[in-house]
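Chemist: This is the content of protein_23.csv (CSV, C-alpha atoms):
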chain,number,residue,atom,x,y,z
A,1,MET,CA,33.7,77.1,8.4
A,2,LEU,CA,30.4,75.1,8.3
A,3,PRO,CA,27.3,76.7,6.6
A,4,PRO,CA,24.7,77.9,9.1
A,5,ARG,CA,21.9,75.5,10.0
A,6,PRO,CA,18.4,76.5,8.8
A,7,LEU,CA,16.7,78.7,11.3
A,8,ALA,CA,14.1,77.0,13.5
A,9,ALA,CA,10.5,78.1,13.6
A,10,ARG,CA,9.3,79.6,16.9
A,11,LYS,CA,6.0,78.4,18.3
A,12,GLY,CA,3.4,81.3,18.2
A,13,ARG,CA,5.7,83.6,16.2
A,14,GLY,CA,5.8,84.5,12.5
A,15,ALA,CA,9.4,85.6,12.1
A,16,VAL,CA,12.2,83.1,12.7
A,17,SER,CA,14.9,85.7,13.3
A,18,ASN,CA,15.6,89.2,14.5
A,19,ILE,CA,16.9,90.4,11.2
A,20,GLN,CA,18.7,93.7,11.3
A,21,GLY,CA,16.9,96.9,10.3
A,22,ARG,CA,18.2,98.7,7.3
A,23,TYR,CA,19.4,101.7,9.4
A,24,GLU,CA,21.7,99.8,11.7
A,25,LEU,CA,25.4,100.6,11.3
A,26,ASP,CA,26.9,97.3,12.4
A,27,GLN,CA,26.3,94.2,10.3
A,28,ARG,CA,26.0,90.7,11.7
A,29,GLU,CA,26.4,87.4,9.9
A,30,ARG,CA,25.3,83.9,11.0
A,31,PHE,CA,27.9,81.1,10.9
A,32,GLU,CA,28.1,77.5,12.3
A,33,ASP,CA,30.7,77.1,15.0
A,34,GLY,CA,29.9,73.4,15.6
A,35,TRP,CA,28.2,73.9,19.0
A,36,VAL,CA,24.6,72.9,19.5
A,37,ALA,CA,22.7,74.2,22.5
A,38,GLY,CA,19.2,73.0,23.5
A,39,ASP,CA,16.6,71.6,21.1
A,40,GLU,CA,17.6,72.0,17.5
A,41,ASP,CA,14.1,71.8,16.2
A,42,GLU,CA,12.5,74.5,18.3
A,43,ALA,CA,13.8,78.0,19.1
A,44,PRO,CA,13.2,79.4,22.6
A,45,ALA,CA,10.1,81.4,23.3
A,46,VAL,CA,10.2,85.2,23.2
A,47,ARG,CA,8.0,87.2,25.6
A,48,THR,CA,5.8,90.1,24.4
A,49,VAL,CA,6.4,93.5,26.0
A,50,VAL,CA,4.0,96.5,25.5
A,51,THR,CA,5.3,100.0,26.2
A,52,ASP,CA,3.2,103.1,26.7
A,53,GLU,CA,3.8,105.8,24.1
A,54,TYR,CA,2.6,109.4,24.1
A,55,ALA,CA,2.2,110.2,20.4
A,56,LYS,CA,2.5,113.8,19.1
A,57,SER,CA,-0.2,113.2,16.5
A,58,ILE,CA,-2.6,110.4,15.7
A,59,LEU,CA,-4.1,110.9,12.2
A,60,THR,CA,-1.9,109.9,9.3
A,61,ARG,CA,-2.6,111.2,5.8
A,62,ASN,CA,-1.5,109.7,2.5
A,63,ALA,CA,-1.8,110.5,-1.1
A,64,SER,CA,-1.3,107.0,-2.5
A,65,PRO,CA,-3.5,106.6,-5.6
A,66,ASP,CA,-3.8,102.8,-5.0
A,67,VAL,CA,-5.2,103.2,-1.5
A,68,PRO,CA,-9.0,103.8,-1.0
A,69,PHE,CA,-8.6,106.2,1.9
A,70,ASN,CA,-6.7,109.4,2.7
A,71,VAL,CA,-6.7,109.3,6.5
A,72,SER,CA,-5.8,106.5,8.8
A,73,LEU,CA,-5.4,105.9,12.6
A,74,ASN,CA,-3.2,103.2,14.2
A,75,PRO,CA,-3.5,102.8,18.0
A,76,TYR,CA,-0.4,100.5,18.2
A,77,ARG,CA,3.1,100.2,16.7
A,78,GLY,CA,4.2,96.7,16.1
A,79,CYS,CA,1.7,93.8,16.0
A,80,GLU,CA,1.6,90.6,18.0
A,81,HIS,CA,-0.4,88.8,15.3
A,82,GLY,CA,3.1,88.1,13.8
A,83,CYS,CA,1.9,87.9,10.2
A,84,ILE,CA,5.1,87.1,8.3
A,85,TYR,CA,4.0,89.1,5.2
A,86,CYS,CA,3.1,92.3,7.1
A,87,PHE,CA,4.2,95.3,5.0
A,88,ALA,CA,4.4,97.4,8.3
A,89,ARG,CA,7.3,95.3,9.6
A,90,PRO,CA,10.0,97.7,8.2
A,91,THR,CA,8.6,100.6,10.2
A,92,HIS,CA,10.2,99.1,13.3
A,93,SER,CA,13.6,100.0,11.8
A,94,TYR,CA,12.8,103.6,12.5
A,95,LEU,CA,12.7,102.8,16.2
A,96,GLY,CA,16.1,101.0,16.1
A,97,LEU,CA,14.4,97.7,16.5
A,98,SER,CA,14.2,94.6,14.2
A,99,PRO,CA,11.4,94.2,11.7
A,100,GLY,CA,11.6,90.5,12.7
A,101,LEU,CA,10.8,89.2,16.1
A,102,ASP,CA,11.0,92.7,17.7
A,103,PHE,CA,8.0,93.8,15.5
A,104,GLU,CA,5.8,91.2,17.0
A,105,THR,CA,7.1,91.1,20.6
A,106,ARG,CA,8.1,94.8,21.4
A,107,LEU,CA,4.9,96.7,20.9
A,108,PHE,CA,4.0,100.4,21.6
A,109,ALA,CA,0.5,101.5,22.7
A,110,LYS,CA,-0.5,105.0,21.9
A,111,VAL,CA,-2.2,105.6,25.2
A,112,ASN,CA,-3.2,109.2,24.4
A,113,ALA,CA,-4.8,108.4,21.0
A,114,PRO,CA,-8.4,109.2,22.1
A,115,ASP,CA,-7.4,112.6,23.5
A,116,LEU,CA,-5.3,113.4,20.4
A,117,LEU,CA,-8.2,112.5,18.2
A,118,ARG,CA,-10.6,114.7,20.1
A,119,ARG,CA,-8.2,117.7,19.7
A,120,GLU,CA,-7.9,117.0,16.0
A,121,LEU,CA,-11.6,116.8,15.4
A,122,ALA,CA,-12.2,119.9,17.5
A,123,SER,CA,-9.8,122.0,15.4
A,124,PRO,CA,-11.7,124.7,13.4
A,125,SER,CA,-9.6,123.7,10.3
A,126,TYR,CA,-10.5,120.0,10.5
A,127,VAL,CA,-12.5,118.8,7.4
A,128,PRO,CA,-14.2,115.4,8.0
A,129,GLU,CA,-13.5,112.4,5.8
A,130,HIS,CA,-13.6,108.8,6.5
A,131,ILE,CA,-10.9,107.4,8.8
A,132,ALA,CA,-9.5,103.9,8.3
A,133,ILE,CA,-8.4,102.1,11.5
A,134,GLY,CA,-6.1,99.2,11.7
A,135,VAL,CA,-4.4,99.6,8.3
A,136,ASN,CA,-0.7,99.6,9.4
A,137,THR,CA,-1.0,97.3,12.4
A,138,ASP,CA,-4.1,95.5,13.6
A,139,ALA,CA,-6.2,97.7,16.0
A,140,TYR,CA,-7.6,94.5,17.6
A,141,GLN,CA,-4.4,92.6,18.3
A,142,PRO,CA,-4.3,90.7,21.6
A,143,CYS,CA,-3.2,93.6,23.8
A,144,GLU,CA,-6.3,95.6,22.9
A,145,ARG,CA,-8.3,93.3,25.2
A,146,GLN,CA,-6.7,95.0,28.2
A,147,ARG,CA,-5.6,98.4,26.7
A,148,ARG,CA,-9.0,99.2,25.0
A,149,ILE,CA,-7.5,102.1,23.0
A,150,THR,CA,-9.3,101.2,19.9
A,151,ARG,CA,-12.5,101.0,21.9
A,152,GLN,CA,-11.9,104.5,23.2
A,153,VAL,CA,-11.1,105.9,19.7
A,154,LEU,CA,-14.4,104.4,18.4
A,155,GLU,CA,-16.3,106.1,21.3
A,156,VAL,CA,-15.0,109.4,20.2
A,157,LEU,CA,-16.0,108.8,16.6
A,158,HIS,CA,-19.4,107.5,17.7
A,159,GLU,CA,-19.9,110.7,19.8
A,160,CYS,CA,-18.9,112.9,16.8
A,161,ASN,CA,-20.9,111.0,14.1
A,162,HIS,CA,-17.6,110.6,12.3
A,163,PRO,CA,-17.4,107.9,9.5
A,164,VAL,CA,-14.9,105.0,10.1
A,165,GLY,CA,-13.8,101.9,8.3
A,166,LEU,CA,-12.0,99.1,10.1
A,167,ILE,CA,-9.9,96.2,8.9
A,168,THR,CA,-8.8,93.3,11.2
A,169,LYS,CA,-8.1,89.6,11.4
A,170,ASN,CA,-9.2,89.4,15.0
A,171,ALA,CA,-12.7,88.5,16.2
A,172,LEU,CA,-12.3,91.0,19.1
A,173,ILE,CA,-14.0,93.5,16.8
A,174,GLU,CA,-17.3,91.8,17.9
A,175,ARG,CA,-16.8,93.5,21.3
A,176,ASP,CA,-17.5,96.9,19.7
A,177,ILE,CA,-20.7,96.0,17.9
A,178,ASP,CA,-22.7,98.2,20.3
A,179,LEU,CA,-20.9,101.2,18.8
A,180,LEU,CA,-20.5,100.0,15.2
A,181,ALA,CA,-24.1,98.8,14.6
A,182,PRO,CA,-25.8,102.2,15.3
A,183,MET,CA,-23.1,104.0,13.3
A,184,ALA,CA,-23.6,101.6,10.4
A,185,GLU,CA,-27.3,102.3,10.5
A,186,LYS,CA,-26.5,106.0,9.9
A,187,ARG,CA,-23.9,105.0,7.1
A,188,LEU,CA,-21.0,105.9,9.4
A,189,ALA,CA,-19.2,102.5,9.7
A,190,CYS,CA,-18.1,99.5,7.6
A,191,ALA,CA,-15.7,96.7,8.3
A,192,ALA,CA,-13.3,94.3,6.5
A,193,ILE,CA,-12.1,91.0,7.8
A,194,THR,CA,-8.8,89.7,6.4
A,195,LEU,CA,-9.0,86.0,5.4
A,196,THR,CA,-5.8,84.8,3.9
A,197,THR,CA,-6.4,81.0,4.1
A,198,LEU,CA,-9.1,78.5,5.3
A,199,ASP,CA,-6.4,76.0,6.3
A,200,PRO,CA,-5.7,76.3,10.1
A,201,GLU,CA,-2.3,74.7,9.8
A,202,ILE,CA,-1.1,77.3,7.3
A,203,ALA,CA,-2.7,80.1,9.3
A,204,ARG,CA,-0.9,78.9,12.5
A,205,THR,CA,2.5,79.6,10.9
A,206,LEU,CA,1.5,82.5,8.6
A,207,GLU,CA,-0.5,84.5,11.1
A,208,PRO,CA,0.3,82.8,14.4
A,209,ARG,CA,-1.6,85.0,16.9
A,210,ALA,CA,-4.5,86.1,14.7
A,211,ALA,CA,-7.9,84.5,15.0
A,212,ALA,CA,-8.3,81.1,13.4
A,213,PRO,CA,-9.9,81.2,9.9
A,214,ALA,CA,-13.2,79.6,11.2
A,215,ARG,CA,-13.3,82.2,13.9
A,216,ARG,CA,-12.9,85.1,11.4
A,217,LEU,CA,-15.8,83.6,9.3
A,218,ARG,CA,-17.9,83.7,12.5
A,219,ALA,CA,-17.0,87.3,13.1
A,220,ILE,CA,-18.1,88.2,9.5
A,221,ARG,CA,-21.4,86.5,10.2
A,222,THR,CA,-21.8,88.3,13.6
A,223,LEU,CA,-21.1,91.7,12.1
A,224,ALA,CA,-23.3,91.1,9.1
A,225,GLU,CA,-26.2,90.0,11.3
A,226,ALA,CA,-25.8,93.2,13.3
A,227,GLY,CA,-26.3,95.3,10.2
A,228,ILE,CA,-22.6,96.3,9.7
A,229,PRO,CA,-21.5,96.1,6.0
A,230,VAL,CA,-18.7,93.6,5.9
A,231,SER,CA,-16.2,92.9,3.1
A,232,VAL,CA,-13.5,90.2,3.0
A,233,SER,CA,-9.9,91.1,2.3
A,234,VAL,CA,-8.1,88.2,0.7
A,235,ALA,CA,-4.6,89.6,1.4
A,236,PRO,CA,-2.0,88.7,0.6
A,237,ILE,CA,-2.4,86.1,-2.1
A,238,ILE,CA,0.7,83.9,-1.9
A,239,PRO,CA,1.5,81.8,-5.0
A,240,PHE,CA,1.3,78.0,-4.3
A,241,VAL,CA,0.6,78.6,-0.6
A,242,THR,CA,-2.8,80.5,-0.3
A,243,GLU,CA,-3.4,81.2,-4.0
A,244,PRO,CA,-5.1,77.8,-4.7
A,245,GLU,CA,-7.9,78.8,-2.2
A,246,ILE,CA,-9.1,82.0,-3.8
A,247,GLU,CA,-12.5,80.7,-4.9
A,248,LYS,CA,-13.1,78.7,-1.6
A,249,ILE,CA,-12.2,81.7,0.5
A,250,LEU,CA,-14.7,84.0,-1.3
A,251,GLU,CA,-17.4,81.4,-1.2
A,252,ALA,CA,-17.0,80.9,2.5
A,253,ALA,CA,-17.0,84.6,3.2
A,254,ARG,CA,-20.1,85.1,1.1
A,255,ASP,CA,-21.9,82.3,2.9
A,256,ALA,CA,-20.9,84.0,6.2
A,257,GLY,CA,-22.5,87.3,5.1
A,258,ALA,CA,-19.7,89.3,3.4
A,259,VAL,CA,-21.1,91.6,0.7
A,260,GLY,CA,-17.8,92.8,-0.8
A,261,ALA,CA,-14.3,91.6,-1.5
A,262,HIS,CA,-10.9,92.9,-2.4
A,263,TYR,CA,-7.4,91.4,-2.7
A,264,VAL,CA,-3.6,92.1,-2.7
A,265,VAL,CA,-0.9,89.9,-4.0
A,266,LEU,CA,2.1,89.3,-1.8
A,267,ARG,CA,4.3,92.3,-1.3
A,268,LEU,CA,7.9,92.1,-0.1
A,269,PRO,CA,9.2,95.6,0.6
A,270,TRP,CA,12.5,96.1,2.4
A,271,GLU,CA,13.1,93.7,5.3
A,272,VAL,CA,9.9,91.8,4.6
A,273,ASN,CA,11.7,90.1,1.7
A,274,PRO,CA,14.4,88.2,3.7
A,275,LEU,CA,12.0,87.5,6.5
A,276,PHE,CA,9.5,85.9,4.2
A,277,LYS,CA,12.2,83.8,2.6
A,278,GLU,CA,13.3,82.6,6.0
A,279,TRP,CA,9.7,81.7,6.8
A,280,LEU,CA,9.4,79.7,3.5
A,281,GLU,CA,12.6,77.8,4.2
A,282,ALA,CA,11.4,77.0,7.8
A,283,HIS,CA,7.8,75.9,6.8
A,284,PHE,CA,7.7,75.1,3.1
A,285,PRO,CA,11.3,74.3,2.0
A,286,GLU,CA,10.2,72.0,-0.7
A,287,ARG,CA,8.3,74.8,-2.5
A,288,ALA,CA,10.3,77.8,-1.5
A,289,ALA,CA,12.1,78.3,-4.9
A,290,ARG,CA,8.8,77.7,-6.7
A,291,VAL,CA,7.0,80.4,-4.7
A,292,MET,CA,9.7,83.0,-5.2
A,293,ASN,CA,9.9,82.3,-8.9
A,294,ARG,CA,6.2,82.9,-9.3
A,295,VAL,CA,6.5,86.1,-7.2
A,296,ARG,CA,9.2,87.3,-9.6
A,297,ASP,CA,7.0,86.4,-12.5
A,298,MET,CA,4.4,88.9,-11.1
A,299,ARG,CA,7.0,91.6,-10.3
A,300,GLY,CA,8.8,92.0,-13.6
A,301,GLY,CA,11.6,89.6,-12.6
A,302,LYS,CA,12.2,91.3,-9.2
A,303,ASP,CA,11.2,90.3,-5.7
A,304,TYR,CA,9.2,93.5,-5.4
A,305,ASP,CA,8.2,96.5,-7.4
A,306,SER,CA,6.8,99.5,-5.4
A,307,ASP,CA,5.3,101.3,-8.4
A,308,PHE,CA,1.8,102.5,-7.5
A,309,SER,CA,0.3,100.9,-10.6
A,310,LYS,CA,1.7,97.5,-9.9
A,311,ARG,CA,2.5,97.0,-6.2
A,312,MET,CA,-1.0,95.8,-5.1
A,313,HIS,CA,-1.9,93.4,-7.9
A,314,GLY,CA,1.4,92.8,-9.8
A,315,GLU,CA,1.8,92.5,-13.5
A,316,GLY,CA,2.2,89.8,-16.2
A,317,VAL,CA,0.4,86.6,-17.1
A,318,TRP,CA,0.1,85.2,-13.6
A,319,ALA,CA,-1.1,88.5,-12.1
A,320,ASP,CA,-3.7,88.7,-14.8
A,321,LEU,CA,-4.9,85.2,-14.1
A,322,ILE,CA,-5.3,85.9,-10.4
A,323,GLN,CA,-7.2,89.1,-11.3
A,324,GLN,CA,-9.6,87.2,-13.6
A,325,ARG,CA,-10.2,84.4,-11.2
A,326,PHE,CA,-11.0,86.9,-8.4
A,327,ALA,CA,-13.2,89.1,-10.5
A,328,LYS,CA,-15.2,86.2,-12.0
A,329,THR,CA,-15.8,84.7,-8.6
A,330,VAL,CA,-16.9,88.0,-7.1
A,331,GLU,CA,-19.3,88.5,-9.9
A,332,ARG,CA,-20.6,84.9,-9.7
A,333,LEU,CA,-21.2,85.3,-5.9
A,334,GLY,CA,-22.7,88.7,-6.2
A,335,MET,CA,-20.1,90.3,-3.9
A,336,GLY,CA,-19.7,93.6,-5.6
A,337,GLY,CA,-21.8,95.5,-3.0
A,338,LEU,CA,-19.0,97.3,-1.3
A,339,ARG,CA,-17.1,98.6,-4.2
A,340,GLY,CA,-16.0,102.1,-3.2
A,341,ARG,CA,-17.0,101.1,0.3
A,342,PHE,CA,-15.5,104.3,1.9
A,343,ASP,CA,-17.3,106.5,-0.5
A,344,LYS,CA,-20.6,105.2,0.7
A,345,LEU,CA,-20.0,106.6,4.2
A,346,ASP,CA,-21.7,109.8,5.1
A,347,VAL,CA,-19.5,112.8,6.3
A,348,SER,CA,-22.4,115.3,6.5
A,349,GLN,CA,-23.5,114.2,10.0
A,350,PHE,CA,-20.2,115.1,11.6
A,351,ARG,CA,-20.3,117.3,14.8
A,352,ARG,CA,-17.3,118.5,16.8
A,353,PRO,CA,-16.6,117.0,20.2
A,354,LEU,CA,-18.0,118.8,23.2
A,355,VAL,CA,-15.2,117.9,25.5
A,356,VAL,CA,-11.6,118.7,24.4
A,357,PRO,CA,-8.7,117.5,26.6
A,358,PRO,CA,-5.7,119.8,27.6
A,359,SER,CA,-2.7,120.3,25.3
A,360,ALA,CA,-0.4,117.4,24.5
A,361,GLY,CA,2.6,119.0,26.2
A,362,LYS,CA,0.8,119.4,29.5
A,363,GLN,CA,-0.7,115.9,29.3
A,364,ALA,CA,2.7,114.3,28.5
A,365,GLY,CA,4.4,116.3,31.3
A,366,ASN,CA,1.9,115.1,33.9
A,367,ALA,CA,2.2,111.5,32.7
A,368,THR,CA,5.9,111.5,33.3
A,369,GLY,CA,5.5,113.1,36.8
A,370,GLN,CA,6.8,116.5,35.8
A,371,LEU,CA,5.3,119.4,37.7
A,372,ASP,CA,3.4,122.1,35.8
A,373,LEU,CA,5.0,125.5,36.4
A,374,PHE,CA,1.9,127.4,35.4
Now that the file is in, can you turn its structure into structure tokens?
Modeler:
Amino acid sequence: MLPPRPLAARKGRGAVSNIQGRYELDQRERFEDGWVAGDEDEAPAVRTVVTDEYAKSILTRNASPDVPFNVSLNPYRGCEHGCIYCFARPTHSYLGLSPGLDFETRLFAKVNAPDLLRRELASPSYVPEHIAIGVNTDAYQPCERQRRITRQVLEVLHECNHPVGLITKNALIERDIDLLAPMAEKRLACAAITLTTLDPEIARTLEPRAAAPARRLRAIRTLAEAGIPVSVSVAPIIPFVTEPEIEKILEAARDAGAVGAHYVVLRLPWEVNPLFKEWLEAHFPERAARVMNRVRDMRGGKDYDSDFSKRMHGEGVWADLIQQRFAKTVERLGMGGLRGRFDKLDVSQFRRPLVVPPSAGKQAGNATGQLDLF
């Protein structure tokens, strides 16, 4: 039996395969049968499908000590940006779908997110604290242009004077400046733009459907000029791929108006690990082994360590070197203005929504065409 040929990259997609989720019972293995169909150098295109989903709840709470927020909201499941390093990819396994191509082509839009949020904020037991939007999957991914769920969520938060922090790698956030600017003026909003690389060729394969690096820099400038505090998220830092650009990324972001910065080194939990290795072999075969060796140097000899004290920044000599480079550059550029950025938001202005939609059960029943008996 011949060894399988290297997987071909797909234009406009990050993953090169539909790797199995860890909960699937049947196992599949690739092999070479000697037959070649179509173009060997380019895999066929895969269409994006967005499915409406009626969620049961919308606010997610976490107690992770290495995350600067306790409450987050994600309007979508899956993300068309297709970032190969996305730590959220393994969540598609819970749906019986692949964390690979399925994650970036089979999306779910939480169409009742604004109504759920209103009900949560109206609850007498609700205690306001800043909400982070776009943490798991990007709230401004391409389908948001038509769906506008993120926009509707922000309208609710704007109405209630509720503090919010957003993180994105899409310039579509500029659309909502009319809501974010007046909120920022009252210390109710801040934003972070993820900038992984300044090289458009690397970005095109690493984050194929996100905004180009130059466009993200322009978004930073636009938000800053509107009075919205903006930080840059240099995440993830990938050894020998994006790591050489740390200083240049920070300088470009500062010049665009960013007043804060933070970073995360490459994380490879669960299925992200084999997916990232496939991506390396498809796009950087000559340095794949070198990249993974350096990753292991920062993870105690393993591909990944999920320990809270290590998972974001790693450990060892090379992790310390990245930390020093980042810290010294931030200090030199005067970009420490948004340290504890969520803590600077004001929760005291919160007011409960005046309009509260009907219960989730009644709404979901009507959405599926079921008659209301009462």
Chemist: Given the choices A:Pro44, A:Arg187, A:Leu275, A:Ile238, which gets closest to A:Asn18 if the distance is worked out from only C-alpha atoms?
Modeler: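 Closest to A:Asn18 of all the choices is A:Leu275.
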Chemist: Find the residues around A:Asn112 up to 8 Å (all atoms listed in the file counted), leave out those fewer than 2 positions away in its own chain, and share them as a list in words.
Modeler: Glu53, Tyr54, Ala55, Lys110, Pro114, Asp115 and Leu116 of chain A
Chemist: Of the candidates A:Ala8, A:Leu117, A:Ala210, A:Leu157, which one gets nearest to A:Val356 if we count all atoms listed in the file?
Modeler: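 Answer, going by the shortest atom-to-atom distance: A:Leu117.
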Chemist: Contacts of stretch 333-350 of chain A at 9 Å or less, counting all atoms listed in the file, minus same-chain residues fewer than 2 places along, as JSON, numbers by chain?
Modeler: {"A": [68, 69, 128, 129, 130, 131, 132, 160, 161, 162, 163, 164, 165, 184, 186, 187, 188, 189, 190, 229, 230, 231, 250, 251, 254, 258, 259, 260, 261, 262, 328, 329, 330, 331, 352]}
Chemist: As an exercise, work out the distance from atom CA of A:Ser306 to atom CA of A:Thr91 in Å and give it to one decimal place.
Modeler: 15.7 Å
Chemist: Would you pick out the contacts of stretch 311-316 of chain A at 9 Å or less, using all atoms listed in the file, so that residues sharing its chain but fewer than 2 positions from it are not included, and give the list as an mmCIF file with C-alpha atoms, keeping the file's coordinate frame?
Modeler:
data_model
loop_
_atom_site.group_PDB
_atom_site.id
_atom_site.type_symbol
_atom_site.label_atom_id
_atom_site.label_comp_id
_atom_site.auth_asym_id
_atom_site.auth_seq_id
_atom_site.Cartn_x
_atom_site.Cartn_y
_atom_site.Cartn_z
ATOM 1 C CA ASP A 66 -3.800 102.800 -5.000
ATOM 2 C CA TYR A 263 -7.400 91.400 -2.700
ATOM 3 C CA VAL A 264 -3.600 92.100 -2.700
ATOM 4 C CA VAL A 265 -0.900 89.900 -4.000
ATOM 5 C CA LEU A 266 2.100 89.300 -1.800
ATOM 6 C CA ARG A 267 4.300 92.300 -1.300
ATOM 7 C CA VAL A 295 6.500 86.100 -7.200
ATOM 8 C CA ASP A 297 7.000 86.400 -12.500
ATOM 9 C CA MET A 298 4.400 88.900 -11.100
ATOM 10 C CA ARG A 299 7.000 91.600 -10.300
ATOM 11 C CA GLY A 300 8.800 92.000 -13.600
ATOM 12 C CA TYR A 304 9.200 93.500 -5.400
ATOM 13 C CA ASP A 305 8.200 96.500 -7.400
ATOM 14 C CA SER A 306 6.800 99.500 -5.400
ATOM 15 C CA ASP A 307 5.300 101.300 -8.400
ATOM 16 C CA PHE A 308 1.800 102.500 -7.500
ATOM 17 C CA SER A 309 0.300 100.900 -10.600
ATOM 18 C CA TRP A 318 0.100 85.200 -13.600
ATOM 19 C CA ALA A 319 -1.100 88.500 -12.100
ATOM 20 C CA ASP A 320 -3.700 88.700 -14.800
ATOM 21 C CA LEU A 321 -4.900 85.200 -14.100
ATOM 22 C CA ILE A 322 -5.300 85.900 -10.400
ATOM 23 C CA GLN A 323 -7.200 89.100 -11.300
#
Chemist: I'd like the interatomic distance between atom CA of A:His92 and atom CA of A:Tyr23, to a tenth of an Å.
Modeler: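 We find that atom CA of A:His92 and atom CA of A:Tyr23 lie 10.3 Å from each other.
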Chemist: Would you list the residues near (7.1, 88.7, 2.6) (no more than 12 Å away, in the coordinates of the file, using all atoms listed in the file) as a PyMOL selection string?
Modeler: chain A and resi 14-15+82-90+99-100+206+235-239+265-280+291-292+295+303-304
Chemist: Identify the residues within 8 Å of coordinate (-8.5, 103.3, 14.8) (same frame as the file), considering only C-alpha atoms, and give the answer as a list in words.
Modeler: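 Using only C-alpha atoms, the matching residues come out as Ser72, Leu73, Asn74, Pro75, Ile131, Ala132, Ile133, Gly134, Ala139, Thr150, Val153, Leu154 and Leu166 of chain A.
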Chemist: Tell me which protein, DNA and RNA residues are within 8 Å of A:Asp138, counting all atoms listed in the file, leaving out same-chain ones fewer than 4 positions away, and put them as a ChimeraX atom specification.
Modeler: /A:74,76,79,81,134,167-169
Chemist: With C-alpha atoms retained, write the just-selected residues as a PDB file, keeping the file's coordinate frame.
Modeler:
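Below is the file that was written, out.pdb:
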ATOM      1  CA  ASN A  74      -3.200 103.200  14.200  1.00  0.00           C
ATOM      2  CA  TYR A  76      -0.400 100.500  18.200  1.00  0.00           C
ATOM      3  CA  CYS A  79       1.700  93.800  16.000  1.00  0.00           C
ATOM      4  CA  HIS A  81      -0.400  88.800  15.300  1.00  0.00           C
ATOM      5  CA  GLY A 134      -6.100  99.200  11.700  1.00  0.00           C
ATOM      6  CA  ILE A 167      -9.900  96.200   8.900  1.00  0.00           C
ATOM      7  CA  THR A 168      -8.800  93.300  11.200  1.00  0.00           C
ATOM      8  CA  LYS A 169      -8.100  89.600  11.400  1.00  0.00           C
TER       9      LYS A 169
END
Chemist: Mind filling out stretch 46-50 of chain A with all heavy atoms and sending it as a CSV table (one decimal), in the coordinates of the input?
Modeler:
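This is the output file part.csv:
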chain,number,residue,atom,x,y,z
A,46,VAL,N,9.8,83.8,23.0
A,46,VAL,CA,10.2,85.2,23.2
A,46,VAL,C,8.9,85.9,23.8
A,46,VAL,O,7.8,85.8,23.3
A,46,VAL,CB,10.5,85.9,21.9
A,46,VAL,CG1,10.9,87.4,22.2
A,46,VAL,CG2,11.7,85.2,21.2
A,47,ARG,N,9.1,86.6,24.9
A,47,ARG,CA,8.0,87.2,25.6
A,47,ARG,C,7.6,88.5,25.0
A,47,ARG,O,8.4,89.3,24.4
A,47,ARG,CB,8.4,87.5,27.1
A,47,ARG,CG,7.3,88.0,28.0
A,47,ARG,CD,7.7,88.0,29.4
A,47,ARG,NE,8.8,88.9,29.7
A,47,ARG,CZ,8.7,90.2,30.1
A,47,ARG,NH1,7.5,90.7,30.3
A,47,ARG,NH2,9.7,91.0,30.2
A,48,THR,N,6.3,88.9,25.0
A,48,THR,CA,5.8,90.1,24.4
A,48,THR,C,5.8,91.2,25.5
A,48,THR,O,5.5,91.0,26.6
A,48,THR,CB,4.3,90.0,24.0
A,48,THR,OG1,4.2,88.9,23.0
A,48,THR,CG2,3.8,91.3,23.4
A,49,VAL,N,6.3,92.4,25.1
A,49,VAL,CA,6.4,93.5,26.0
A,49,VAL,C,5.7,94.7,25.3
A,49,VAL,O,6.0,95.0,24.1
A,49,VAL,CB,7.9,93.9,26.2
A,49,VAL,CG1,8.0,95.2,27.1
A,49,VAL,CG2,8.6,92.8,26.9
A,50,VAL,N,4.7,95.3,26.0
A,50,VAL,CA,4.0,96.5,25.5
A,50,VAL,C,4.4,97.7,26.3
A,50,VAL,O,4.3,97.7,27.5
A,50,VAL,CB,2.5,96.2,25.6
A,50,VAL,CG1,1.7,97.4,24.9
A,50,VAL,CG2,2.1,94.9,24.9
